[in-house]
file upload.txt (compact mmCIF, C-alpha atoms)
# COMPACT_ATOMS: atom_id res chain seq x y z
CA MET A 16 50.48 6.67 13.99
CA ASN A 17 50.89 9.20 11.13
CA ILE A 18 50.92 8.05 7.54
CA GLY A 19 51.26 11.22 5.45
CA PRO A 20 48.39 13.53 6.32
CA ILE A 21 46.15 10.85 7.83
CA THR A 22 46.30 9.78 11.46
CA VAL A 23 45.66 6.08 11.92
CA PRO A 24 44.97 4.66 15.37
CA ILE A 25 47.85 2.43 16.45
CA GLU A 26 45.48 -0.40 17.39
CA LEU A 27 44.09 -0.54 13.86
CA VAL A 28 47.61 -0.89 12.46
CA ARG A 29 48.36 -3.56 15.06
CA ILE A 30 45.26 -5.59 14.17
CA MET A 31 45.87 -5.42 10.41
CA VAL A 32 49.58 -6.24 10.61
CA ALA A 33 48.93 -8.99 13.13
CA ILE A 34 46.23 -10.70 11.05
CA LEU A 35 48.44 -10.54 7.96
CA ALA A 36 51.35 -11.98 9.93
CA PHE A 37 49.13 -14.71 11.38
CA SER A 38 47.90 -15.80 7.94
CA LEU A 39 51.52 -16.10 6.76
CA PHE A 40 52.48 -17.88 9.99
CA ILE A 41 49.60 -20.37 9.84
CA GLY A 42 50.00 -21.02 6.12
CA LEU A 43 53.75 -21.59 6.44
CA ASN A 44 53.25 -23.67 9.57
CA GLY A 45 50.81 -25.96 7.82
CA VAL A 46 53.44 -26.65 5.17
CA ILE A 47 56.28 -27.10 7.64
CA LEU A 48 54.36 -29.26 10.11
CA VAL A 49 53.04 -31.64 7.43
CA TRP A 50 56.61 -32.10 6.25
CA LEU A 51 57.98 -32.36 9.78
CA GLU A 52 55.38 -34.92 10.82
CA ARG A 53 56.15 -37.18 7.89
CA LYS A 54 59.88 -36.71 8.43
CA VAL A 55 59.63 -37.50 12.16
CA ALA A 56 57.41 -40.50 11.39
CA GLY A 57 59.95 -41.68 8.86
CA HIS A 58 62.91 -41.39 11.16
CA VAL A 59 61.05 -42.98 14.07
CA GLN A 60 60.36 -45.96 11.83
CA ARG A 61 63.94 -45.98 10.45
CA ARG A 62 63.16 -44.76 6.94
CA PRO A 63 64.01 -41.37 5.40
CA GLY A 64 60.43 -40.09 4.91
CA PRO A 65 59.65 -37.81 1.93
CA TYR A 66 62.86 -37.28 -0.03
CA GLU A 67 62.21 -36.62 -3.71
CA VAL A 68 60.44 -33.26 -4.04
CA GLY A 69 62.83 -30.44 -3.18
CA PRO A 70 65.77 -30.69 -0.76
CA HIS A 71 65.00 -33.46 1.75
CA GLY A 72 61.41 -33.52 0.53
CA LEU A 73 60.77 -30.00 1.79
CA LEU A 74 58.45 -29.16 -1.12
CA GLN A 75 56.36 -32.32 -0.69
CA PRO A 76 53.50 -30.53 1.20
CA VAL A 77 53.32 -27.90 -1.57
CA ALA A 78 53.03 -30.63 -4.18
CA ASP A 79 50.38 -32.34 -2.05
CA ALA A 80 48.41 -29.11 -1.71
CA LEU A 81 48.49 -28.55 -5.49
CA LYS A 82 47.31 -32.11 -6.03
CA LEU A 83 44.50 -31.72 -3.49
CA ILE A 84 43.22 -28.53 -5.17
CA GLY A 85 42.75 -30.56 -8.34
CA LYS A 86 40.61 -33.22 -6.66
CA GLN A 87 36.87 -33.28 -7.02
CA LEU A 88 34.77 -32.22 -4.05
CA PHE A 89 32.11 -34.85 -3.39
CA ILE A 90 28.89 -34.59 -1.48
CA PRO A 91 27.50 -37.95 -0.42
CA LYS A 92 23.92 -38.75 -1.37
CA GLY A 93 21.35 -37.46 1.10
CA ALA A 94 23.83 -35.35 3.03
CA ASP A 95 22.94 -31.98 4.49
CA LYS A 96 24.68 -29.77 1.92
CA ILE A 97 24.92 -26.52 3.84
CA LEU A 98 26.23 -28.06 7.04
CA PHE A 99 28.53 -30.35 5.04
CA TRP A 100 30.35 -27.35 3.56
CA ALA A 101 30.09 -25.21 6.67
CA ALA A 102 32.02 -27.74 8.74
CA PRO A 103 35.54 -27.44 7.22
CA ILE A 104 35.24 -23.65 7.12
CA LEU A 105 33.93 -23.48 10.67
CA SER A 106 36.76 -25.71 11.81
CA PHE A 107 39.35 -23.22 10.60
CA LEU A 108 37.35 -20.04 11.30
CA PRO A 109 38.55 -19.10 14.82
CA VAL A 110 42.26 -19.84 14.35
CA PHE A 111 43.40 -16.25 13.81
CA LEU A 112 41.22 -15.12 16.66
CA LEU A 113 42.95 -17.55 19.01
CA LEU A 114 46.32 -15.99 18.21
CA ILE A 115 45.24 -12.40 18.94
CA PRO A 116 45.93 -12.39 22.70
CA MET A 117 49.13 -14.45 22.36
CA PRO A 118 52.30 -12.68 23.60
CA PHE A 119 54.97 -13.83 21.14
CA GLY A 120 57.58 -11.44 22.50
CA PRO A 121 58.07 -8.58 24.98
CA LYS A 122 56.45 -6.15 22.52
CA LEU A 123 55.25 -8.63 19.92
CA PHE A 124 51.54 -9.23 20.42
CA ALA A 125 48.42 -8.24 18.50
CA LEU A 126 46.32 -6.81 21.34
CA ASP A 127 46.67 -6.76 25.09
CA VAL A 128 43.48 -8.65 26.04
CA ASP A 129 42.44 -8.78 29.69
CA LEU A 130 40.39 -11.92 29.19
CA GLY A 131 42.91 -13.53 26.85
CA LEU A 132 42.81 -16.99 28.38
CA LEU A 133 39.01 -17.07 28.46
CA LEU A 134 38.80 -15.82 24.86
CA ILE A 135 41.04 -18.65 23.68
CA LEU A 136 39.21 -21.32 25.67
CA ALA A 137 35.81 -20.07 24.52
CA PHE A 138 36.56 -19.90 20.80
CA ALA A 139 38.58 -23.12 20.72
CA GLY A 140 35.25 -24.83 21.40
CA VAL A 141 34.08 -23.94 17.88
CA ASN A 142 36.22 -26.79 16.58
CA VAL A 143 34.09 -29.30 18.49
CA LEU A 144 31.00 -27.87 16.83
CA ALA A 145 32.66 -28.18 13.42
CA ILE A 146 33.55 -31.83 14.03
CA CYS A 147 30.01 -32.49 15.22
CA LEU A 148 28.52 -30.91 12.08
CA ALA A 149 30.97 -32.71 9.80
CA GLY A 150 30.12 -36.08 11.28
CA TRP A 151 26.40 -35.62 11.35
CA SER A 152 25.91 -33.97 7.95
CA SER A 153 27.95 -36.56 6.02
CA ARG A 154 25.24 -39.18 6.49
CA ASN A 155 27.87 -41.83 6.85
CA LYS A 156 28.12 -44.26 9.74
CA TRP A 157 31.86 -43.87 10.19
CA SER A 158 31.53 -40.10 10.30
CA LEU A 159 28.69 -40.22 12.78
CA LEU A 160 30.55 -42.57 15.14
CA GLY A 161 33.73 -40.52 14.79
CA ALA A 162 31.88 -37.32 15.58
CA ALA A 163 30.13 -38.82 18.61
CA ARG A 164 33.49 -39.97 19.92
CA ALA A 165 35.19 -36.69 19.14
CA VAL A 166 32.59 -34.62 20.89
CA SER A 167 32.48 -36.75 24.04
CA GLN A 168 36.28 -36.76 24.12
CA CYS A 169 36.72 -33.02 23.55
CA VAL A 170 34.12 -31.97 26.07
CA ALA A 171 35.46 -34.41 28.66
CA TYR A 172 39.04 -33.23 28.37
CA GLU A 173 38.05 -29.58 28.37
CA ILE A 174 37.25 -29.62 32.10
CA PRO A 175 40.65 -30.72 33.49
CA MET A 176 42.20 -28.35 30.97
CA LEU A 177 40.19 -25.43 32.34
CA LEU A 178 40.99 -26.47 35.91
CA SER A 179 44.72 -26.77 35.30
CA LEU A 180 44.78 -23.34 33.66
CA LEU A 181 42.67 -21.99 36.51
CA SER A 182 45.24 -23.05 39.09
CA VAL A 183 47.78 -20.85 37.32
CA ALA A 184 45.22 -18.06 37.09
CA PHE A 185 44.57 -18.36 40.84
CA MET A 186 48.29 -17.99 41.45
CA GLU A 187 48.82 -15.07 39.07
CA GLY A 188 45.51 -13.33 39.70
CA THR A 189 44.99 -12.51 36.03
CA LEU A 190 43.69 -13.99 32.79
CA ASN A 191 45.81 -11.65 30.67
CA LEU A 192 48.41 -13.77 28.87
CA THR A 193 50.83 -10.86 28.52
CA GLN A 194 50.72 -10.28 32.26
CA ILE A 195 51.02 -13.98 33.05
CA VAL A 196 54.22 -14.07 31.02
CA ASN A 197 55.52 -10.83 32.52
CA GLN A 198 55.04 -12.13 36.06
CA GLN A 199 57.22 -15.17 35.44
CA GLU A 200 60.94 -14.92 36.09
CA PRO A 201 63.64 -15.80 33.54
CA TRP A 202 64.19 -19.25 35.00
CA LEU A 203 61.41 -19.82 37.54
CA TRP A 204 58.63 -20.51 35.10
CA ASN A 205 55.15 -21.52 36.24
CA ILE A 206 55.94 -25.16 35.49
CA VAL A 207 58.23 -25.12 38.56
CA TYR A 208 55.29 -24.14 40.80
CA GLN A 209 52.65 -26.13 38.90
CA PRO A 210 54.24 -29.32 37.56
CA LEU A 211 51.06 -31.37 37.96
CA ALA A 212 48.94 -28.73 36.24
CA PHE A 213 51.37 -28.73 33.30
CA ILE A 214 51.21 -32.52 32.92
CA ILE A 215 47.40 -32.45 33.08
CA PHE A 216 47.27 -29.59 30.59
CA PHE A 217 49.59 -31.38 28.20
CA VAL A 218 47.62 -34.65 28.29
CA CYS A 219 44.41 -32.68 27.73
CA ALA A 220 46.00 -30.73 24.89
CA VAL A 221 46.92 -33.97 23.12
CA ALA A 222 43.35 -35.21 23.59
CA GLU A 223 41.72 -31.92 22.57
CA THR A 224 43.62 -31.78 19.29
CA ASN A 225 42.67 -35.43 18.60
CA ARG A 226 46.26 -36.55 18.40
CA CYS A 227 47.59 -40.03 19.02
CA PRO A 228 47.43 -41.78 21.53
CA PHE A 229 44.02 -40.13 21.86
CA ASP A 230 43.09 -39.99 18.16
CA LEU A 231 39.98 -42.13 18.58
CA PRO A 232 37.78 -39.81 16.47
CA GLU A 233 39.80 -40.59 13.35
CA ALA A 234 41.06 -44.02 14.30
CA GLU A 235 42.00 -45.38 10.86
CA SER A 236 41.82 -49.03 11.74
CA GLU A 237 38.28 -48.91 13.12
CA LEU A 238 36.54 -45.86 11.66
CA THR A 239 38.24 -45.42 8.23
CA ALA A 240 38.85 -41.70 8.80
CA GLY A 241 36.32 -40.81 11.45
CA PHE A 242 34.44 -37.57 11.05
CA HIS A 243 36.11 -36.61 7.74
CA THR A 244 35.56 -39.91 5.91
CA GLU A 245 33.41 -38.26 3.23
CA TYR A 246 35.55 -35.18 2.71
CA SER A 247 37.81 -35.10 -0.31
CA GLY A 248 40.42 -32.74 -1.72
CA MET A 249 40.52 -29.26 -0.27
CA ALA A 250 37.79 -29.85 2.31
CA PHE A 251 39.88 -32.64 3.81
CA SER A 252 43.00 -30.50 3.80
CA MET A 253 41.10 -27.71 5.56
CA PHE A 254 40.49 -30.13 8.44
CA MET A 255 44.19 -31.03 8.42
CA LEU A 256 45.24 -27.38 8.37
CA ALA A 257 42.84 -26.63 11.23
CA GLU A 258 44.23 -29.55 13.22
CA TYR A 259 47.81 -28.33 12.80
CA SER A 260 46.75 -24.76 13.64
CA TYR A 261 45.12 -25.94 16.88
CA ILE A 262 48.32 -27.77 17.77
CA ILE A 263 50.16 -24.48 17.33
CA VAL A 264 47.59 -22.69 19.48
CA VAL A 265 47.69 -25.16 22.40
CA CYS A 266 51.49 -25.21 22.30
CA CYS A 267 51.49 -21.39 22.37
CA VAL A 268 49.15 -21.42 25.38
CA ALA A 269 51.29 -24.01 27.16
CA THR A 270 54.38 -21.93 26.46
CA ALA A 271 52.84 -18.67 27.63
CA VAL A 272 51.15 -20.05 30.73
CA PHE A 273 53.57 -22.71 31.95
CA LEU A 274 56.92 -22.34 30.20
CA GLY A 275 57.65 -18.66 30.73
CA GLY A 276 56.69 -17.40 27.25
CA TRP A 277 59.50 -15.35 25.79
CA HIS A 278 61.54 -15.50 29.01
CA GLY A 279 64.84 -17.29 28.95
CA PRO A 280 68.04 -17.30 30.95
CA PHE A 281 69.76 -15.19 28.29
CA TYR A 282 68.65 -12.94 25.40
CA PRO A 283 64.91 -13.03 26.23
CA GLY A 284 62.79 -12.57 23.14
CA SER A 285 60.36 -14.14 20.71
CA TRP A 286 62.93 -16.77 19.61
CA TRP A 287 62.56 -18.36 23.03
CA PHE A 288 58.80 -18.43 22.56
CA LEU A 289 59.00 -20.02 19.12
CA GLY A 290 61.70 -22.44 20.25
CA LYS A 291 59.56 -23.68 23.12
CA VAL A 292 56.48 -23.96 20.87
CA TYR A 293 58.31 -26.08 18.31
CA ALA A 294 59.91 -28.20 21.01
CA LEU A 295 56.43 -28.97 22.35
CA ILE A 296 55.18 -29.77 18.85
CA LEU A 297 58.06 -32.23 18.41
CA VAL A 298 56.96 -33.90 21.66
CA PHE A 299 53.43 -34.15 20.19
CA MET A 300 54.81 -35.91 17.11
CA TRP A 301 57.12 -38.10 19.13
CA LEU A 302 54.11 -39.24 21.22
CA ARG A 303 52.07 -39.96 18.12
CA TRP A 304 54.62 -42.32 16.62
CA THR A 305 55.56 -43.98 19.91
CA TYR A 306 52.34 -44.93 21.68
CA PRO A 307 49.51 -47.18 20.50
CA ARG A 308 45.96 -45.87 20.57
CA VAL A 309 44.00 -46.28 23.82
CA ARG A 310 40.59 -47.96 23.98
CA PHE A 311 37.59 -45.65 24.12
CA ASP A 312 36.39 -46.49 27.63
CA GLN A 313 39.99 -46.17 28.84
CA LEU A 314 40.19 -42.77 27.19
CA LEU A 315 37.11 -41.45 28.94
CA ASN A 316 38.00 -43.08 32.26
CA ILE A 317 41.53 -41.65 32.33
CA ASN A 318 39.85 -38.30 32.17
CA TRP A 319 36.97 -38.73 34.62
CA LYS A 320 38.72 -40.96 37.14
CA TRP A 321 42.23 -39.49 37.14
CA LEU A 322 42.71 -36.16 35.45
CA LEU A 323 39.58 -34.49 36.80
CA PRO A 324 40.07 -35.41 40.50
CA LEU A 325 43.79 -34.64 40.23
CA SER A 326 43.19 -31.24 38.68
CA LEU A 327 40.58 -30.43 41.35
CA LEU A 328 43.08 -31.44 44.03
CA ASN A 329 45.72 -29.31 42.37
CA LEU A 330 43.36 -26.34 42.40
CA PHE A 331 42.57 -26.94 46.09
CA VAL A 332 46.25 -27.00 47.02
CA THR A 333 47.01 -23.94 44.89
CA ALA A 334 44.14 -21.95 46.39
CA PHE A 335 45.30 -22.95 49.88
CA LEU A 336 48.96 -22.12 49.30
CA VAL A 337 48.21 -18.76 47.68
CA LYS A 338 46.36 -17.72 50.83
CA VAL A 339 48.71 -19.28 53.40
CA LEU A 340 52.13 -18.45 51.96
CA MET B 5 27.85 -1.68 23.64
CA VAL B 6 31.07 0.20 24.16
CA PHE B 7 33.42 0.04 21.20
CA ASP B 8 36.64 -1.77 21.91
CA TRP B 9 39.52 -2.51 19.56
CA LEU B 10 39.19 -6.14 20.59
CA HIS B 11 35.74 -6.30 19.02
CA LEU B 12 37.14 -5.07 15.72
CA GLY B 13 40.03 -7.50 16.09
CA ILE B 14 37.66 -10.43 16.62
CA LEU B 15 35.56 -9.38 13.64
CA VAL B 16 38.56 -8.98 11.33
CA ALA B 17 40.05 -12.26 12.50
CA LEU B 18 36.82 -14.13 11.81
CA ILE B 19 36.41 -12.56 8.36
CA VAL B 20 40.01 -13.32 7.40
CA GLY B 21 39.60 -16.84 8.79
CA LEU B 22 36.51 -17.31 6.63
CA THR B 23 38.36 -16.11 3.53
CA PHE B 24 41.44 -18.17 4.32
CA ALA B 25 39.35 -21.32 4.67
CA GLY B 26 36.85 -20.56 1.91
CA ALA B 27 39.19 -19.42 -0.87
CA PRO B 28 40.90 -22.81 -1.48
CA LEU B 29 37.49 -24.50 -1.54
CA VAL B 30 36.17 -22.04 -4.12
CA LEU B 31 39.39 -22.31 -6.14
CA SER B 32 39.05 -26.06 -6.03
CA LEU B 33 35.52 -25.78 -7.44
CA PHE B 34 36.96 -24.07 -10.56
CA VAL B 35 40.01 -26.31 -11.02
CA ALA B 36 38.73 -29.72 -10.00
CA PRO B 37 36.93 -32.09 -12.38
CA LYS B 38 33.20 -32.55 -12.00
CA ALA B 39 32.50 -36.16 -12.76
CA LYS B 40 28.94 -37.39 -12.33
CA GLY B 41 26.96 -40.59 -12.41
CA GLY B 42 27.83 -44.03 -11.20
CA ASP B 43 28.24 -44.54 -7.51
CA PHE B 44 30.19 -41.31 -6.86
CA ALA B 45 27.70 -40.06 -4.32
CA MET B 46 27.31 -43.33 -2.43
CA PRO B 47 28.29 -42.96 1.22
CA TYR B 48 31.54 -44.80 1.84
CA GLU B 49 31.09 -48.04 3.70
CA CYS B 50 34.24 -49.94 2.75
CA GLY B 51 32.97 -50.50 -0.77
CA MET B 52 29.78 -52.32 0.18
CA ARG B 53 26.34 -50.89 -0.54
CA PRO B 54 25.34 -48.90 2.57
CA MET B 55 22.98 -50.76 4.86
CA GLY B 56 20.17 -48.44 5.85
CA THR B 57 20.55 -44.80 6.78
CA SER B 58 23.02 -43.48 9.31
CA TRP B 59 20.64 -40.91 10.77
CA ILE B 60 19.30 -43.24 13.40
CA ARG B 61 19.06 -43.16 17.16
CA PHE B 62 21.93 -44.69 19.02
CA GLY B 63 22.77 -45.51 22.64
CA PRO B 64 22.55 -42.72 25.20
CA ASN B 65 26.10 -43.39 26.50
CA PHE B 66 27.41 -40.15 25.11
CA TYR B 67 24.38 -38.22 26.24
CA ILE B 68 25.26 -38.75 29.89
CA TYR B 69 28.79 -37.50 29.28
CA ALA B 70 27.34 -34.42 27.61
CA LEU B 71 25.17 -33.74 30.67
CA LEU B 72 28.18 -34.21 32.94
CA PHE B 73 30.18 -31.81 30.83
CA LEU B 74 27.49 -29.16 30.90
CA ALA B 75 27.25 -29.32 34.68
CA PHE B 76 31.01 -29.08 35.17
CA ASP B 77 31.79 -26.57 32.47
CA VAL B 78 29.25 -24.05 33.63
CA ASP B 79 30.46 -24.43 37.23
CA VAL B 80 34.11 -24.07 36.32
CA LEU B 81 33.32 -20.97 34.29
CA TYR B 82 32.26 -19.23 37.51
CA LEU B 83 35.79 -19.69 38.84
CA PHE B 84 37.36 -17.47 36.18
CA PRO B 85 36.17 -14.15 37.63
CA VAL B 86 37.13 -15.45 41.06
CA ALA B 87 40.66 -16.19 39.85
CA THR B 88 41.29 -12.59 38.76
CA TYR B 89 40.62 -11.26 42.24
CA TYR B 90 41.75 -14.19 44.37
CA PRO B 91 45.36 -13.18 45.28
CA GLU B 92 44.17 -9.72 46.40
CA ALA B 93 41.35 -11.01 48.59
CA THR B 94 42.22 -10.73 52.26
CA GLY B 95 41.95 -13.49 54.83
CA LEU B 96 41.16 -17.17 54.64
CA ILE B 97 37.47 -16.57 54.01
CA ALA B 98 38.12 -16.42 50.26
CA PHE B 99 39.76 -19.82 50.44
CA PHE B 100 36.83 -21.31 52.32
CA LYS B 101 34.38 -20.00 49.76
CA VAL B 102 36.38 -21.56 46.93
CA PHE B 103 36.72 -24.73 49.03
CA VAL B 104 32.97 -25.11 49.41
CA PHE B 105 32.44 -24.51 45.70
CA LEU B 106 35.03 -27.10 44.67
CA ALA B 107 33.88 -29.59 47.31
CA ILE B 108 30.46 -29.65 45.68
CA LEU B 109 32.13 -30.43 42.34
CA VAL B 110 34.07 -33.28 43.95
CA LEU B 111 30.82 -34.61 45.42
CA ALA B 112 29.31 -34.55 41.95
CA ILE B 113 32.11 -36.75 40.59
CA ALA B 114 31.80 -39.08 43.58
CA TYR B 115 28.07 -39.35 42.94
CA PHE B 116 28.46 -40.19 39.25
CA TRP B 117 31.23 -42.64 40.08
CA ALA B 118 29.06 -44.44 42.62
CA LYS B 119 26.17 -44.40 40.14
CA GLY B 120 28.31 -46.39 37.71
CA VAL B 121 28.46 -43.82 34.93
CA PHE B 122 32.18 -44.46 34.45
CA THR B 123 31.84 -48.26 34.30
CA TRP B 124 31.89 -49.89 30.87
CA PRO B 125 29.84 -51.65 29.66
CA ARG B 126 27.34 -49.27 31.12
CA GLN B 127 25.52 -50.40 34.28
CA ILE B 128 23.69 -47.43 35.74
CA ARG B 129 22.03 -48.32 39.00

call {"tool": "encode", "arguments": {"input": "upload.txt", "output": "C-alpha cells"}}
result
Amino acid sequence: MNIGPITVPIELVRIMVAILAFSLFIGLNGVILVWLERKVAGHVQRRPGPYEVGPHGLLQPVADALKLIGKQLFIPKGADKILFWAAPILSFLPVFLLLIPMPFGPKLFALDVDLGLLLILAFAGVNVLAICLAGWSSRNKWSLLGAARAVSQCVAYEIPMLLSLLSVAFMEGTLNLTQIVNQQEPWLWNIVYQPLAFIIFFVCAVAETNRCPFDLPEAESELTAGFHTEYSGMAFSMFMLAEYSYIIVVCCVATAVFLGGWHGPFYPGSWWFLGKVYALILVFMWLRWTYPRVRFDQLLNINWKWLLPLSLLNLFVTAFLVKVL
Amino acid sequence: MVFDWLHLGILVALIVGLTFAGAPLVLSLFVAPKAKGGDFAMPYECGMRPMGTSWIRFGPNFYIYALLFLAFDVDVLYLFPVATYYPEATGLIAFFKVFVFLAILVLAIAYFWAKGVFTWPRQIR
C-alpha cells in the first residue's frame, strides 16, 4: 500500500486497523452487553430493567463505568500484591489476539491464519490462569474455593470442546477459520452435518465462560462472588469486561465453525456473521435467566460421563464417514 | 525464527490488550479515594473476623481432575495435525490409526469411571 512516498506492507495496515477496530468493538460490546443483559433479565422477570439513564436506560453502563472508576482499589491484608493486580489484566490480555483469525466477512478479517482454531483454543486458556491467580492471591476463602471450582470446571469442559471442534476439522481438513467458512454452503452449514458437535460445543461454551447454569465459580448464594470477591472498582469491571469479551469470542467461533460464518441464503456478508453472533449471545442470556444453577458434582459428571464419551463417539463417526463416503 | 506477520499481530494484540486493561486501573488509581485504617484490608468473610488463613491445604479432589485433564488435553492436541491432513489421506488405514488412538482415550475414561473418580462423595478404590 502506498501512502505518499512511503510504501507500507498491506499486512501492517491490516494489523493496525484490525486492532483499532477490535478495541472499539470490544469496548462498545462491553457497554451494550451489560445493558442488554440487565434488560433481558428485567423482561424475563416481568420488570422493565434499567430505565432512567438515557433512552431506555441505554447509558446506564456508562454511568456504572464512571462510578466504578471512582471506587477505591483494595488489596486484602496478606495478599500477594503482584499476582493480585496481574490477574485482572491477564484475564483481559488475550482478547484482541483471539479475534485476529476471525473471519467477520468475505474480505473482513485481520489475518488469514492457518492455525486459527488452535491459536484461539490455546490463548483462551490464559483466562483460566488469570482466574487461578485471582483466587489464590486474594487470600480469601471464597476466592480460593471459587478459583478451585473454576479451574476444574474450565479444564474439564475444554476437552469435549476440543473434540467437538476436531470433528469439524476432520471433516473440513483445515484449522483455518477463513477456509472453514468458505467451504460451507449458503444454507448447508456445518451444523447440518454436525448437530451433536454443535450442542456439545455450545454446552461447553456456556461452561467455559462461567455462565449460568454453570456459573459455579461465582455462585453468589454460596461463594459471595467466587474468585473476584476481593476485587473492587475497576479491577472487578475488568473481570466483567473479560467475561463479556470471551462470550463474544466463543459465539464468533461457534458462528464461524458451525453456523456458516458470513454465509446466508441472500446478501452474504458480515451482517449475517454479526446477526448470528448476537442471536447466540441472546440464547446465552436467555439460558442464564431461565435455568437454576447445577450442583458441583453434577456439573463435573455431566462433562465426564456424558459430554466426553458423546464427543468421542461423534469424532469416531465423523472420522469413519469422511473415509467411507 | 522466520518472521511472520502473525507474530507481529500477536505481539501488537497483546500490547494493546495490556494497555486496554491497564489504563482504567491506572486512571482509577488517580481518581479514586485512598482511605486507610480500620478494617479496610480485612479479607471479606461475610463481616466476621476471618478464621485462620486461607492458604491451607485442601482435599485432593480437584487434583485428580487436573491429572485427568492433562492426560486428555495432551492426547487431543496430537489430533490437530492429523485433522489437517485427514480428508486427503488415502484408504481406510488412516481411519484405523485414528480409531486406535481414540480407543485408548475411551479406555482411559472407562478406567477412571471404574476406579470411582466420578463418584461423589469420592470413593477411590

call {"tool": "closest_residue", "arguments": {"input": "upload.txt", "among": "A:Ile296, A:Ile30, A:Leu274, A:Val264", "to": "chain B", "atoms": "all atoms listed in the file"}}
result
A:Ile30

call {"tool": "closest_residue", "arguments": {"input": "upload.txt", "among": "B:Gly120, B:Pro85, B:Gly42, B:Pro91", "to": "chain A", "atoms": "all atoms listed in the file"}}
result
B:Pro91

call {"tool": "interface_residues", "arguments": {"input": "upload.txt", "of": "chain A", "to": "chain B", "cutoff": "6 Å", "atoms": "all atoms listed in the file", "output": "mmCIF file with C-alpha atoms, in the coordinates of the input"}}
result
data_model
loop_
_atom_site.group_PDB
_atom_site.id
_atom_site.type_symbol
_atom_site.label_atom_id
_atom_site.label_comp_id
_atom_site.auth_asym_id
_atom_site.auth_seq_id
_atom_site.Cartn_x
_atom_site.Cartn_y
_atom_site.Cartn_z
ATOM 1 C CA ILE A 30 45.260 -5.590 14.170
ATOM 2 C CA ILE A 84 43.220 -28.530 -5.170
ATOM 3 C CA GLY A 85 42.750 -30.560 -8.340
ATOM 4 C CA LYS A 86 40.610 -33.220 -6.660
ATOM 5 C CA GLN A 87 36.870 -33.280 -7.020
ATOM 6 C CA PRO A 91 27.500 -37.950 -0.420
ATOM 7 C CA LYS A 92 23.920 -38.750 -1.370
ATOM 8 C CA ILE A 104 35.240 -23.650 7.120
ATOM 9 C CA LEU A 108 37.350 -20.040 11.300
ATOM 10 C CA PHE A 111 43.400 -16.250 13.810
ATOM 11 C CA LEU A 112 41.220 -15.120 16.660
ATOM 12 C CA ARG A 154 25.240 -39.180 6.490
ATOM 13 C CA ASN A 155 27.870 -41.830 6.850
ATOM 14 C CA LYS A 156 28.120 -44.260 9.740
ATOM 15 C CA ALA A 184 45.220 -18.060 37.090
ATOM 16 C CA PHE A 185 44.570 -18.360 40.840
ATOM 17 C CA GLY A 188 45.510 -13.330 39.700
ATOM 18 C CA THR A 189 44.990 -12.510 36.030
ATOM 19 C CA MET A 249 40.520 -29.260 -0.270
#

call {"tool": "atom_distance", "arguments": {"input": "upload.txt", "atom1": "CA of Leu88 in chain A", "atom2": "CA of Ser152 in chain A"}}
result
15.0 Å

call {"tool": "residues_around", "arguments": {"input": "upload.txt", "residues": "Tyr246 in chain A", "least_positions_apart": "2", "cutoff": "9 Å", "atoms": "only C-alpha atoms", "output": "number ranges by chain"}}
result
A: 88-90, 99, 103, 149, 153, 242-244, 248-252

call {"tool": "residues_around", "arguments": {"input": "upload.txt", "residues": "Leu114 in chain A", "least_positions_apart": "5", "cutoff": "12 Å", "atoms": "all atoms listed in the file", "output": "ChimeraX atom specification"}}
result
/A:30,33-38,40-41,109,119,123-128,131-132,134-136,138-139,192,260-268,271 /B:13-14,17-18,21

call {"tool": "residues_around", "arguments": {"input": "upload.txt", "residues": "range 217-222 of chain A", "least_positions_apart": "6", "cutoff": "6 Å", "atoms": "only C-alpha atoms", "output": "ChimeraX atom specification"}}
result
/A:172,176,229

call {"tool": "axis_aligned_box", "arguments": {"input": "upload.txt", "around": "range 205-222 of chain A", "padding_each_side": "5 Å", "output": "JSON"}}
result
{"center_x": 50.8, "center_y": -28.4, "center_z": 32.0, "size_x": 24.9, "size_y": 23.7, "size_z": 27.7}

call {"tool": "residues_around", "arguments": {"input": "upload.txt", "residues": "Gln199 in chain A", "least_positions_apart": "3", "cutoff": "12 Å", "atoms": "all atoms listed in the file", "output": "list of chain:residue names"}}
result
A:Val183, A:Met186, A:Glu187, A:Leu192, A:Thr193, A:Gln194, A:Ile195, A:Val196, A:Trp202, A:Leu203, A:Trp204, A:Asn205, A:Ile206, A:Val207, A:Tyr208, A:Thr270, A:Ala271, A:Val272, A:Phe273, A:Leu274, A:Gly275, A:Gly276, A:Trp277, A:His278, A:Gly279, A:Pro280

call {"tool": "atom_distance", "arguments": {"input": "upload.txt", "atom1": "CA of Ala94 in chain A", "atom2": "CA of Leu148 in chain A"}}
result
11.1 Å

call {"tool": "residues_around", "arguments": {"input": "upload.txt", "residues": "Arg226 in chain A", "least_positions_apart": "5", "cutoff": "9 Å", "atoms": "only C-alpha atoms", "output": "VMD selection string"}}
result
chain A and resid 220 to 221 231 258 299 to 300 302 to 303

call {"tool": "atom_distance", "arguments": {"input": "upload.txt", "atom1": "CA of Tyr306 in chain A", "atom2": "CA of Phe213 in chain A"}}
result
20.0 Å

call {"tool": "build_atoms", "arguments": {"input": "upload.txt", "residues": "range 155-159 of chain A", "atoms": "N, CA, C and O atoms", "output": "compact mmCIF listing (two decimals), in the frame of the given file"}}
result
# COMPACT_ATOMS: atom_id res chain seq x y z
N ASN A 155 27.02 -40.66 7.01
CA ASN A 155 27.87 -41.83 6.85
C ASN A 155 28.10 -42.38 8.24
O ASN A 155 28.27 -41.62 9.19
N LYS A 156 28.06 -43.72 8.38
CA LYS A 156 28.12 -44.26 9.74
C LYS A 156 29.47 -44.02 10.40
O LYS A 156 29.55 -43.73 11.59
N TRP A 157 30.53 -44.12 9.60
CA TRP A 157 31.86 -43.87 10.19
C TRP A 157 31.93 -42.44 10.73
O TRP A 157 32.43 -42.21 11.82
N SER A 158 31.44 -41.51 9.90
CA SER A 158 31.53 -40.10 10.30
C SER A 158 30.75 -39.86 11.57
O SER A 158 31.22 -39.17 12.48
N LEU A 159 29.56 -40.46 11.63
CA LEU A 159 28.69 -40.22 12.78
C LEU A 159 29.35 -40.77 14.06
O LEU A 159 29.40 -40.08 15.08
